[in-house]
file upload_36.json (JSON, C-alpha atoms and all ligand atoms)
[["chain", "number", "residue", "atom", "x", "y", "z"],
["A", 1, "MET", "CA", 0.00, 0.00, 0.00],
["A", 2, "LEU", "CA", 2.74, 2.43, 0.96],
["A", 3, "THR", "CA", 4.56, 1.75, -2.32],
["A", 4, "LYS", "CA", 1.35, 2.44, -4.23],
["A", 5, "ILE", "CA", 0.72, 5.66, -2.31],
["A", 6, "LEU", "CA", 4.29, 6.86, -2.84],
["A", 7, "LYS", "CA", 4.10, 6.24, -6.61],
["A", 8, "GLN", "CA", 0.98, 8.42, -6.73],
["A", 9, "LYS", "CA", 2.71, 11.13, -4.64],
["A", 10, "GLU", "CA", 5.63, 11.21, -7.08],
["A", 11, "LYS", "CA", 3.15, 11.96, -9.88],
["A", 12, "GLU", "CA", 1.48, 14.71, -7.84],
["A", 13, "VAL", "CA", 4.79, 16.29, -6.86],
["A", 14, "ALA", "CA", 5.98, 16.36, -10.48],
["A", 15, "VAL", "CA", 3.31, 18.92, -11.38],
["A", 16, "LEU", "CA", 3.66, 21.17, -8.32],
["A", 17, "PRO", "CA", 5.23, 24.59, -8.99],
["A", 18, "SER", "CA", 8.92, 24.88, -8.16],
["A", 19, "PHE", "CA", 10.20, 27.62, -5.86],
["A", 20, "ILE", "CA", 13.33, 29.62, -5.14],
["A", 21, "LYS", "CA", 14.30, 29.33, -1.51],
["A", 22, "GLY", "CA", 15.69, 32.86, -1.19],
["A", 23, "GLU", "CA", 12.39, 34.30, -2.37],
["A", 24, "LEU", "CA", 10.27, 32.60, 0.27],
["A", 25, "ASP", "CA", 8.79, 34.89, 2.87],
["A", 26, "PHE", "CA", 6.30, 33.49, 5.34],
["A", 27, "THR", "CA", 6.77, 36.15, 8.00],
["A", 28, "ASP", "CA", 3.15, 37.29, 7.71],
["A", 29, "LYS", "CA", 1.75, 33.79, 8.39],
["A", 30, "ASP", "CA", 0.24, 33.41, 11.82],
["A", 31, "HIS", "CA", 1.41, 30.18, 13.40],
["A", 32, "ARG", "CA", -0.65, 28.26, 15.94],
["A", 33, "PRO", "CA", 1.72, 26.38, 18.25],
["A", 34, "PHE", "CA", 1.08, 22.65, 17.86],
["A", 35, "ALA", "CA", 3.59, 20.95, 20.17],
["A", 36, "TYR", "CA", 2.88, 23.56, 22.85],
["A", 37, "LYS", "CA", -0.79, 22.52, 22.91],
["A", 38, "ILE", "CA", 0.21, 18.86, 23.28],
["A", 39, "ALA", "CA", 2.74, 19.59, 26.02],
["A", 40, "ASN", "CA", 0.17, 21.56, 27.99],
["A", 41, "SER", "CA", -2.31, 18.73, 28.32],
["A", 42, "LEU", "CA", -1.10, 17.36, 31.63],
["A", 43, "SER", "CA", -4.12, 15.67, 33.17],
["A", 44, "MET", "CA", -4.87, 13.51, 30.12],
["A", 45, "PRO", "CA", -3.27, 12.70, 26.76],
["A", 46, "ALA", "CA", -3.88, 15.59, 24.35],
["A", 47, "LEU", "CA", -6.29, 14.75, 21.55],
["A", 48, "ILE", "CA", -5.33, 15.31, 17.92],
["A", 49, "ALA", "CA", -8.70, 14.72, 16.27],
["A", 50, "GLU", "CA", -8.58, 13.66, 12.65],
["A", 51, "VAL", "CA", -10.86, 14.80, 9.83],
["A", 52, "LYS", "CA", -10.97, 11.57, 7.81],
["A", 53, "LYS", "CA", -13.57, 10.63, 5.23],
["A", 54, "ALA", "CA", -12.10, 7.36, 3.96],
["A", 55, "SER", "CA", -9.03, 5.16, 4.21],
["A", 56, "PRO", "CA", -7.34, 2.40, 2.20],
["A", 57, "SER", "CA", -8.12, -0.13, 4.94],
["A", 58, "LYS", "CA", -11.78, 0.78, 5.58],
["A", 59, "GLY", "CA", -13.05, 2.51, 2.41],
["A", 60, "ILE", "CA", -15.64, 5.22, 3.17],
["A", 61, "ILE", "CA", -15.77, 5.87, 6.93],
["A", 62, "LYS", "CA", -18.16, 8.83, 6.96],
["A", 63, "GLU", "CA", -20.86, 9.19, 4.30],
["A", 64, "ASN", "CA", -22.26, 12.65, 5.05],
["A", 65, "PHE", "CA", -18.91, 14.30, 5.34],
["A", 66, "ASN", "CA", -18.68, 18.03, 6.06],
["A", 67, "PRO", "CA", -15.06, 18.75, 7.07],
["A", 68, "VAL", "CA", -15.74, 22.21, 8.51],
["A", 69, "GLU", "CA", -18.70, 21.05, 10.62],
["A", 70, "ILE", "CA", -16.61, 18.15, 11.95],
["A", 71, "ALA", "CA", -13.70, 20.46, 12.78],
["A", 72, "VAL", "CA", -15.98, 22.90, 14.62],
["A", 73, "GLU", "CA", -17.46, 20.01, 16.63],
["A", 74, "TYR", "CA", -13.97, 18.77, 17.50],
["A", 75, "GLU", "CA", -13.00, 22.20, 18.78],
["A", 76, "LYS", "CA", -16.18, 22.54, 20.86],
["A", 77, "ALA", "CA", -15.63, 19.05, 22.30],
["A", 78, "GLY", "CA", -12.15, 19.94, 23.60],
["A", 79, "ALA", "CA", -9.67, 18.58, 21.02],
["A", 80, "SER", "CA", -6.19, 20.12, 21.42],
["A", 81, "CYS", "CA", -5.23, 20.03, 17.74],
["A", 82, "LEU", "CA", -6.67, 18.79, 14.45],
["A", 83, "SER", "CA", -5.27, 16.49, 11.78],
["A", 84, "ILE", "CA", -6.61, 17.10, 8.28],
["A", 85, "LEU", "CA", -6.13, 14.39, 5.67],
["A", 86, "THR", "CA", -5.37, 16.15, 2.40],
["A", 87, "ASP", "CA", -4.65, 13.11, 0.20],
["A", 88, "THR", "CA", -7.40, 12.78, -2.42],
["A", 89, "GLU", "CA", -6.61, 9.46, -4.09],
["A", 90, "PHE", "CA", -6.59, 7.12, -1.05],
["A", 91, "PHE", "CA", -8.31, 9.07, 1.75],
["A", 92, "GLN", "CA", -10.72, 11.30, -0.20],
["A", 93, "GLY", "CA", -9.25, 14.32, 1.53],
["A", 94, "ASP", "CA", -8.48, 17.71, 0.00],
["A", 95, "LEU", "CA", -6.01, 20.52, 0.52],
["A", 96, "GLN", "CA", -8.94, 22.91, 0.39],
["A", 97, "TYR", "CA", -10.26, 21.39, 3.66],
["A", 98, "LEU", "CA", -7.19, 22.75, 5.43],
["A", 99, "LYS", "CA", -7.90, 26.29, 4.22],
["A", 100, "ASP", "CA", -11.62, 26.09, 4.96],
["A", 101, "ILE", "CA", -11.12, 24.63, 8.44],
["A", 102, "ARG", "CA", -8.51, 27.27, 9.31],
["A", 103, "ASN", "CA", -11.13, 29.96, 8.75],
["A", 104, "HIS", "CA", -13.59, 28.33, 11.16],
["A", 105, "VAL", "CA", -11.54, 27.03, 14.10],
["A", 106, "SER", "CA", -8.64, 28.41, 16.12],
["A", 107, "LEU", "CA", -6.88, 25.09, 16.86],
["A", 108, "PRO", "CA", -3.42, 24.23, 15.45],
["A", 109, "LEU", "CA", -3.70, 22.17, 12.23],
["A", 110, "LEU", "CA", -1.62, 19.22, 11.06],
["A", 111, "ARG", "CA", -1.54, 18.54, 7.34],
["A", 112, "LYS", "CA", -1.77, 14.74, 7.15],
["A", 113, "ASP", "CA", -0.38, 13.53, 3.84],
["A", 114, "PHE", "CA", 2.57, 11.65, 2.45],
["A", 115, "ILE", "CA", 5.24, 14.33, 2.20],
["A", 116, "ILE", "CA", 8.22, 13.36, 0.07],
["A", 117, "ASP", "CA", 9.25, 16.64, -1.52],
["A", 118, "GLU", "CA", 10.14, 20.24, -0.61],
["A", 119, "LYS", "CA", 7.36, 21.54, -2.89],
["A", 120, "GLN", "CA", 4.74, 19.91, -0.66],
["A", 121, "ILE", "CA", 6.19, 21.78, 2.31],
["A", 122, "ILE", "CA", 5.72, 25.13, 0.58],
["A", 123, "GLU", "CA", 2.21, 24.04, -0.42],
["A", 124, "SER", "CA", 1.47, 23.15, 3.21],
["A", 125, "VAL", "CA", 2.44, 26.60, 4.50],
["A", 126, "GLU", "CA", 0.54, 28.33, 1.73],
["A", 127, "ASN", "CA", -2.60, 26.37, 2.56],
["A", 128, "GLY", "CA", -2.63, 27.04, 6.28],
["A", 129, "ALA", "CA", -0.87, 24.11, 7.96],
["A", 130, "ASP", "CA", 0.82, 24.70, 11.31],
["A", 131, "ALA", "CA", 2.45, 21.28, 11.29],
["A", 132, "ILE", "CA", 3.13, 18.46, 8.85],
["A", 133, "LEU", "CA", 3.55, 14.72, 9.16],
["A", 134, "LEU", "CA", 6.86, 13.23, 8.02],
["A", 135, "ILE", "CA", 6.74, 9.43, 7.81],
["A", 136, "ALA", "CA", 10.14, 7.82, 8.38],
["A", 137, "ALA", "CA", 9.11, 4.74, 6.36],
["A", 138, "CYS", "CA", 8.61, 6.95, 3.27],
["A", 139, "LEU", "CA", 11.94, 8.76, 3.43],
["A", 140, "SER", "CA", 15.68, 8.07, 3.29],
["A", 141, "ASN", "CA", 17.76, 9.52, 6.12],
["A", 142, "GLU", "CA", 18.94, 12.31, 3.85],
["A", 143, "ARG", "CA", 15.41, 13.22, 2.67],
["A", 144, "LEU", "CA", 14.03, 13.15, 6.22],
["A", 145, "GLY", "CA", 16.78, 15.47, 7.47],
["A", 146, "LYS", "CA", 16.33, 17.90, 4.57],
["A", 147, "LEU", "CA", 12.54, 18.01, 4.74],
["A", 148, "HIS", "CA", 12.59, 18.46, 8.51],
["A", 149, "ALA", "CA", 15.08, 21.33, 8.17],
["A", 150, "LEU", "CA", 13.10, 23.11, 5.43],
["A", 151, "ALA", "CA", 9.80, 22.71, 7.28],
["A", 152, "THR", "CA", 11.36, 24.21, 10.41],
["A", 153, "GLU", "CA", 12.78, 27.12, 8.39],
["A", 154, "CYS", "CA", 9.32, 27.73, 6.96],
["A", 155, "GLY", "CA", 7.79, 27.88, 10.44],
["A", 156, "LEU", "CA", 6.11, 24.46, 10.31],
["A", 157, "GLU", "CA", 6.32, 22.00, 13.20],
["A", 158, "CYS", "CA", 6.89, 18.34, 12.33],
["A", 159, "LEU", "CA", 5.29, 15.23, 13.72],
["A", 160, "VAL", "CA", 7.72, 12.49, 12.68],
["A", 161, "GLU", "CA", 6.04, 9.10, 12.40],
["A", 162, "VAL", "CA", 7.77, 5.81, 13.17],
["A", 163, "HIS", "CA", 6.79, 2.15, 13.18],
["A", 164, "SER", "CA", 9.91, 0.54, 14.60],
["A", 165, "GLN", "CA", 12.94, 0.86, 16.84],
["A", 166, "GLN", "CA", 15.11, 1.12, 13.74],
["A", 167, "GLU", "CA", 13.10, 4.09, 12.46],
["A", 168, "ILE", "CA", 13.40, 5.86, 15.83],
["A", 169, "GLN", "CA", 17.18, 5.55, 15.50],
["A", 170, "GLN", "CA", 16.97, 6.83, 11.90],
["A", 171, "VAL", "CA", 15.00, 9.87, 13.07],
["A", 172, "TYR", "CA", 17.43, 10.79, 15.86],
["A", 173, "ASP", "CA", 20.37, 10.30, 13.48],
["A", 174, "VAL", "CA", 19.15, 13.10, 11.20],
["A", 175, "CYS", "CA", 16.97, 15.45, 13.25],
["A", 176, "ASN", "CA", 15.73, 16.10, 16.73],
["A", 177, "PRO", "CA", 11.97, 16.48, 16.34],
["A", 178, "SER", "CA", 9.84, 17.92, 19.11],
["A", 179, "MET", "CA", 7.18, 15.26, 18.41],
["A", 180, "ILE", "CA", 7.41, 11.59, 17.43],
["A", 181, "GLY", "CA", 4.28, 9.69, 16.43],
["A", 182, "ILE", "CA", 4.24, 5.94, 16.95],
["A", 183, "ASN", "CA", 1.85, 4.42, 14.42],
["A", 184, "ASN", "CA", 0.02, 1.41, 15.84],
["A", 185, "ARG", "CA", -1.10, 0.36, 12.34],
["A", 186, "ASP", "CA", 0.95, -2.30, 10.61],
["A", 187, "LEU", "CA", 0.97, -1.00, 7.05],
["A", 188, "LYS", "CA", 1.26, -4.51, 5.58],
["A", 189, "THR", "CA", -1.70, -6.06, 7.39],
["A", 190, "PHE", "CA", -3.53, -2.84, 8.48],
["A", 191, "ILE", "CA", -3.95, -4.40, 11.92],
["A", 192, "THR", "CA", -3.71, -1.88, 14.77],
["A", 193, "ASP", "CA", -2.33, -2.68, 18.21],
["A", 194, "ILE", "CA", -1.91, 0.01, 20.85],
["A", 195, "GLU", "CA", 0.69, -2.18, 22.61],
["A", 196, "HIS", "CA", 2.99, -1.17, 19.78],
["A", 197, "THR", "CA", 3.24, 2.32, 21.32],
["A", 198, "PHE", "CA", 4.23, 0.91, 24.71],
["A", 199, "SER", "CA", 6.83, -1.40, 23.20],
["A", 200, "LEU", "CA", 8.71, 1.53, 21.59],
["A", 201, "LEU", "CA", 8.30, 4.16, 24.32],
["A", 202, "SER", "CA", 11.59, 3.51, 26.11],
["A", 203, "SER", "CA", 13.58, 4.30, 22.92],
["A", 204, "ILE", "CA", 12.23, 7.86, 22.75],
["A", 205, "LYS", "CA", 14.13, 10.68, 24.43],
["A", 206, "LYS", "CA", 12.50, 12.26, 27.49],
["A", 207, "GLU", "CA", 12.36, 15.68, 25.84],
["A", 208, "THR", "CA", 10.46, 14.41, 22.76],
["A", 209, "LEU", "CA", 6.66, 14.49, 22.94],
["A", 210, "VAL", "CA", 5.15, 11.10, 22.10],
["A", 211, "ILE", "CA", 1.93, 10.74, 20.13],
["A", 212, "SER", "CA", 0.21, 7.38, 19.78],
["A", 213, "GLU", "CA", -1.45, 7.07, 16.36],
["A", 214, "SER", "CA", -4.20, 4.79, 15.00],
["A", 215, "GLY", "CA", -6.57, 2.19, 16.41],
["A", 216, "ILE", "CA", -7.45, 4.07, 19.62],
["A", 217, "LYS", "CA", -11.03, 3.09, 20.38],
["A", 218, "THR", "CA", -11.92, 2.91, 24.07],
["A", 219, "ALA", "CA", -11.63, 4.72, 27.39],
["A", 220, "SER", "CA", -9.40, 1.90, 28.55],
["A", 221, "ASP", "CA", -7.02, 2.55, 25.60],
["A", 222, "VAL", "CA", -6.85, 6.22, 26.58],
["A", 223, "LYS", "CA", -6.30, 5.39, 30.25],
["A", 224, "SER", "CA", -3.42, 3.08, 29.40],
["A", 225, "LEU", "CA", -1.83, 5.79, 27.22],
["A", 226, "PHE", "CA", -2.18, 8.15, 30.18],
["A", 227, "ASP", "CA", -0.69, 5.61, 32.60],
["A", 228, "HIS", "CA", 2.30, 5.20, 30.28],
["A", 229, "HIS", "CA", 2.78, 9.03, 30.16],
["A", 230, "VAL", "CA", 2.08, 9.23, 26.43],
["A", 231, "ASN", "CA", 1.61, 12.94, 25.66],
["A", 232, "GLY", "CA", -0.92, 12.78, 22.86],
["A", 233, "MET", "CA", -3.11, 10.55, 20.72],
["A", 234, "LEU", "CA", -4.20, 10.83, 17.10],
["A", 235, "ILE", "CA", -7.72, 9.49, 16.59],
["A", 236, "GLY", "CA", -9.65, 9.33, 13.32],
["A", 237, "GLU", "CA", -12.04, 6.47, 12.72],
["A", 238, "THR", "CA", -13.43, 6.13, 16.27],
["A", 239, "LEU", "CA", -14.52, 9.77, 16.24],
["A", 240, "MET", "CA", -15.70, 9.81, 12.64],
["A", 241, "ARG", "CA", -18.02, 6.86, 13.26],
["A", 242, "ALA", "CA", -19.50, 8.32, 16.48],
["A", 243, "ASP", "CA", -23.11, 9.54, 16.51],
["A", 244, "SER", "CA", -22.00, 12.40, 18.73],
["A", 245, "ILE", "CA", -18.38, 13.55, 18.65],
["A", 246, "GLU", "CA", -18.81, 15.39, 21.95],
["A", 247, "ASN", "CA", -20.17, 12.31, 23.75],
["A", 248, "LYS", "CA", -17.51, 10.06, 22.26],
["A", 249, "ILE", "CA", -14.67, 12.34, 23.41],
["A", 250, "ARG", "CA", -16.19, 12.53, 26.90],
["A", 251, "GLU", "CA", -16.50, 8.73, 26.93],
["A", 252, "LEU", "CA", -12.87, 8.25, 25.79],
["A", 253, "TYR", "CA", -11.55, 10.47, 28.59],
["A", 254, "HIS", "CA", -13.87, 8.97, 31.19],
["A", 255, "ASP", "CA", -11.33, 6.72, 32.93],
["A", 256, "CYS", "CA", -8.67, 9.49, 33.07],
["A", 257, "SER", "CA", -10.86, 11.71, 35.24],
["A", 258, "ASN", "CA", -11.74, 8.92, 37.72],
["B", 301, "LIG", "O1", -5.96, 4.51, 7.87],
["B", 301, "LIG", "C1", -5.47, 3.72, 7.05],
["B", 301, "LIG", "O2", -6.06, 2.75, 6.55],
["B", 301, "LIG", "C2", -4.06, 3.94, 6.53],
["B", 301, "LIG", "C3", -3.54, 3.09, 5.56],
["B", 301, "LIG", "C4", -2.27, 3.31, 5.04],
["B", 301, "LIG", "C5", -1.50, 4.35, 5.51],
["B", 301, "LIG", "C6", -2.00, 5.19, 6.50],
["B", 301, "LIG", "C7", -3.26, 5.00, 6.99],
["B", 301, "LIG", "N1", -3.80, 5.84, 7.94],
["B", 301, "LIG", "C8", -3.22, 7.08, 8.28],
["B", 301, "LIG", "C9", -3.22, 7.29, 9.73],
["B", 301, "LIG", "O3", -2.16, 7.36, 10.27],
["B", 301, "LIG", "C10", -4.53, 7.37, 10.47],
["B", 301, "LIG", "O4", -5.45, 8.07, 9.70],
["B", 301, "LIG", "C11", -4.45, 8.03, 11.84],
["B", 301, "LIG", "O5", -3.40, 7.54, 12.60],
["B", 301, "LIG", "C12", -5.79, 7.79, 12.59],
["B", 301, "LIG", "O6", -6.01, 6.41, 12.70],
["B", 301, "LIG", "P1", -7.43, 5.83, 13.14],
["B", 301, "LIG", "O7", -7.78, 6.44, 14.46],
["B", 301, "LIG", "O8", -7.23, 4.36, 13.26],
["B", 301, "LIG", "O9", -8.40, 6.21, 12.08]]
call {"tool": "encode", "arguments": {"input": "upload_36.json", "output": "C-alpha cells"}}
result
Amino acid sequence: MLTKILKQKEKEVAVLPSFIKGELDFTDKDHRPFAYKIANSLSMPALIAEVKKASPSKGIIKENFNPVEIAVEYEKAGASCLSILTDTEFFQGDLQYLKDIRNHVSLPLLRKDFIIDEKQIIESVENGADAILLIAACLSNERLGKLHALATECGLECLVEVHSQQEIQQVYDVCNPSMIGINNRDLKTFITDIEHTFSLLSSIKKETLVISESGIKTASDVKSLFDHHVNGMLIGETLMRADSIENKIRELYHDCSN
C-alpha cells in the first residue's frame, strides 16, 4: 500500500510549482503552536482529532462528510489540535479542507499527507498548515533530514512518524523532532495494536513528545496511554463513526478523570 501511495505522490509532486528558496517569505503567516498545545495537556493525553472521510483499509468511513462542521465540533468538544487528511486518491481528503477549516476554528492544524518533496512543504504553509507529518518509512535519512530542516525554516512544526525501533534511530540520526508519532497500524496487514506504542516508548528521548497514532477506540485505551505518560493521541475512525463527537470524546476520557 505504501509503495502504491508513494508512486501516486511522485506523480502529484511532479506537477507542483517549483520555488526559489531565497524568495520565500512566510513572516506574515500566523502560526498556531502545535507541540505547545500537546505539552500543555497534563491531566490527560492531548487529543489530535482527525478529519478523515475514507481510508485504504476501511473505504468510506463517513458518508455525510462536512469537514468544517466536523472540525468545529472537534474544537467545541475539547480537542487540542486537528489532523486534516489532504490526500485525495486514497483518503478522499483535499487541501482545500485545510484552508476552509482554518477559517472556522482556532486550533493548530496538522496537514496529514505523504510528504516526500520540498514543494509539498511550501504548499502546506501556503494552505494554512501549522504542522506536517513526516513518515520515516517513506523517506531516506537524507530526505528526512532535509525536509525536517526546510519545514522548520518555513515555520512548520513536524510530527515524525515511526513504526519501529530502527526508524526511531533513523529519526534521531538526522533530526531532533519535538514530536514523534508511533503508528500502531501495521501497514502490511492494516492491523492496529496500541501495545505497539508501549513497546517503543523507552527508545524515545524524554524531551520528545510522544503521540500514539491509530486504532485508539476505548476509554481503557486512553487510560493506558495516560498511565504510560504518552503525551498525545491521534484518533480518526473512532470519532468519525461516532453519533455524537462530543459524547464520544467525553466517553474516551472517562477513565482518566476517575
Ligand atoms: O488509515 C489507514 O487505513 C491507513 C492506511 C495506510 C497508511 C495510512 C493509513 N492511515 C493514516 C493514519 O495514520 C490514520 O489516519 C491516523 O493515525 C488515525 O487512525 P485511526 O484512528 O485508526 O483512524
call {"tool": "closest_residue", "arguments": {"input": "upload_36.json", "among": "A:Ala54, A:Met179, A:Leu85, A:Leu95", "to": "A:Glu207", "atoms": "all atoms listed in the file"}}
result
A:Met179
call {"tool": "atom_distance", "arguments": {"input": "upload_36.json", "atom1": "atom CA of A:Ser57", "atom2": "atom CA of A:Thr88"}}
result
14.9 Å
call {"tool": "residues_around", "arguments": {"input": "upload_36.json", "residues": "A:Asp130", "least_positions_apart": "2", "cutoff": "8 Å", "atoms": "all atoms listed in the file", "output": "list in words"}}
result
His31, Arg32, Pro33, Phe34, Pro108, Leu109, Leu110, Arg111, Val125, Gly128, Ile132, Gly155, Leu156 and Glu157 of chain A
call {"tool": "residues_near_ligand", "arguments": {"input": "upload_36.json", "ligand": "ligand LIG 301 (chain B)", "cutoff": "7 Å", "atoms": "all atoms listed in the file", "output": "mmCIF file with C-alpha atoms, in the coordinates of the input"}}
result
data_model
loop_
_atom_site.group_PDB
_atom_site.id
_atom_site.type_symbol
_atom_site.label_atom_id
_atom_site.label_comp_id
_atom_site.auth_asym_id
_atom_site.auth_seq_id
_atom_site.Cartn_x
_atom_site.Cartn_y
_atom_site.Cartn_z
ATOM 1 C CA MET A 1 0.000 0.000 0.000
ATOM 2 C CA LEU A 2 2.740 2.430 0.960
ATOM 3 C CA GLU A 50 -8.580 13.660 12.650
ATOM 4 C CA LYS A 52 -10.970 11.570 7.810
ATOM 5 C CA SER A 55 -9.030 5.160 4.210
ATOM 6 C CA PRO A 56 -7.340 2.400 2.200
ATOM 7 C CA SER A 57 -8.120 -0.130 4.940
ATOM 8 C CA LYS A 58 -11.780 0.780 5.580
ATOM 9 C CA ASN A 183 1.850 4.420 14.420
ATOM 10 C CA LEU A 187 0.970 -1.000 7.050
ATOM 11 C CA PHE A 190 -3.530 -2.840 8.480
ATOM 12 C CA GLU A 213 -1.450 7.070 16.360
ATOM 13 C CA SER A 214 -4.200 4.790 15.000
ATOM 14 C CA GLY A 215 -6.570 2.190 16.410
ATOM 15 C CA ILE A 216 -7.450 4.070 19.620
ATOM 16 C CA LEU A 234 -4.200 10.830 17.100
ATOM 17 C CA ILE A 235 -7.720 9.490 16.590
ATOM 18 C CA GLY A 236 -9.650 9.330 13.320
ATOM 19 C CA GLU A 237 -12.040 6.470 12.720
ATOM 20 C CA THR A 238 -13.430 6.130 16.270
#
call {"tool": "atom_distance", "arguments": {"input": "upload_36.json", "atom1": "atom CA of A:Thr3", "atom2": "atom CA of A:Gly181"}}
result
20.4 Å
call {"tool": "atom_distance", "arguments": {"input": "upload_36.json", "atom1": "atom CA of A:Lys112", "atom2": "atom CA of A:His254"}}
result
27.5 Å
call {"tool": "residues_around", "arguments": {"input": "upload_36.json", "residues": "A:Leu209", "least_positions_apart": "5", "cutoff": "9 Å", "atoms": "only C-alpha atoms", "output": "ChimeraX atom specification"}}
result
/A:35,38-39,177-181,204,230-232
call {"tool": "decode", "arguments": {"input": "upload_36.json", "residues": "stretch 112-132 of chain A", "atoms": "C-alpha atoms", "output": "compact mmCIF listing (two decimals), in the first residue's frame"}}
result
# COMPACT_ATOMS: atom_id res chain seq x y z
CA LYS A 112 -1.77 14.74 7.15
CA ASP A 113 -0.38 13.53 3.84
CA PHE A 114 2.57 11.65 2.45
CA ILE A 115 5.24 14.33 2.20
CA ILE A 116 8.22 13.36 0.07
CA ASP A 117 9.25 16.64 -1.52
CA GLU A 118 10.14 20.24 -0.61
CA LYS A 119 7.36 21.54 -2.89
CA GLN A 120 4.74 19.91 -0.66
CA ILE A 121 6.19 21.78 2.31
CA ILE A 122 5.72 25.13 0.58
CA GLU A 123 2.21 24.04 -0.42
CA SER A 124 1.47 23.15 3.21
CA VAL A 125 2.44 26.60 4.50
CA GLU A 126 0.54 28.33 1.73
CA ASN A 127 -2.60 26.37 2.56
CA GLY A 128 -2.63 27.04 6.28
CA ALA A 129 -0.87 24.11 7.96
CA ASP A 130 0.82 24.70 11.31
CA ALA A 131 2.45 21.28 11.29
CA ILE A 132 3.13 18.46 8.85
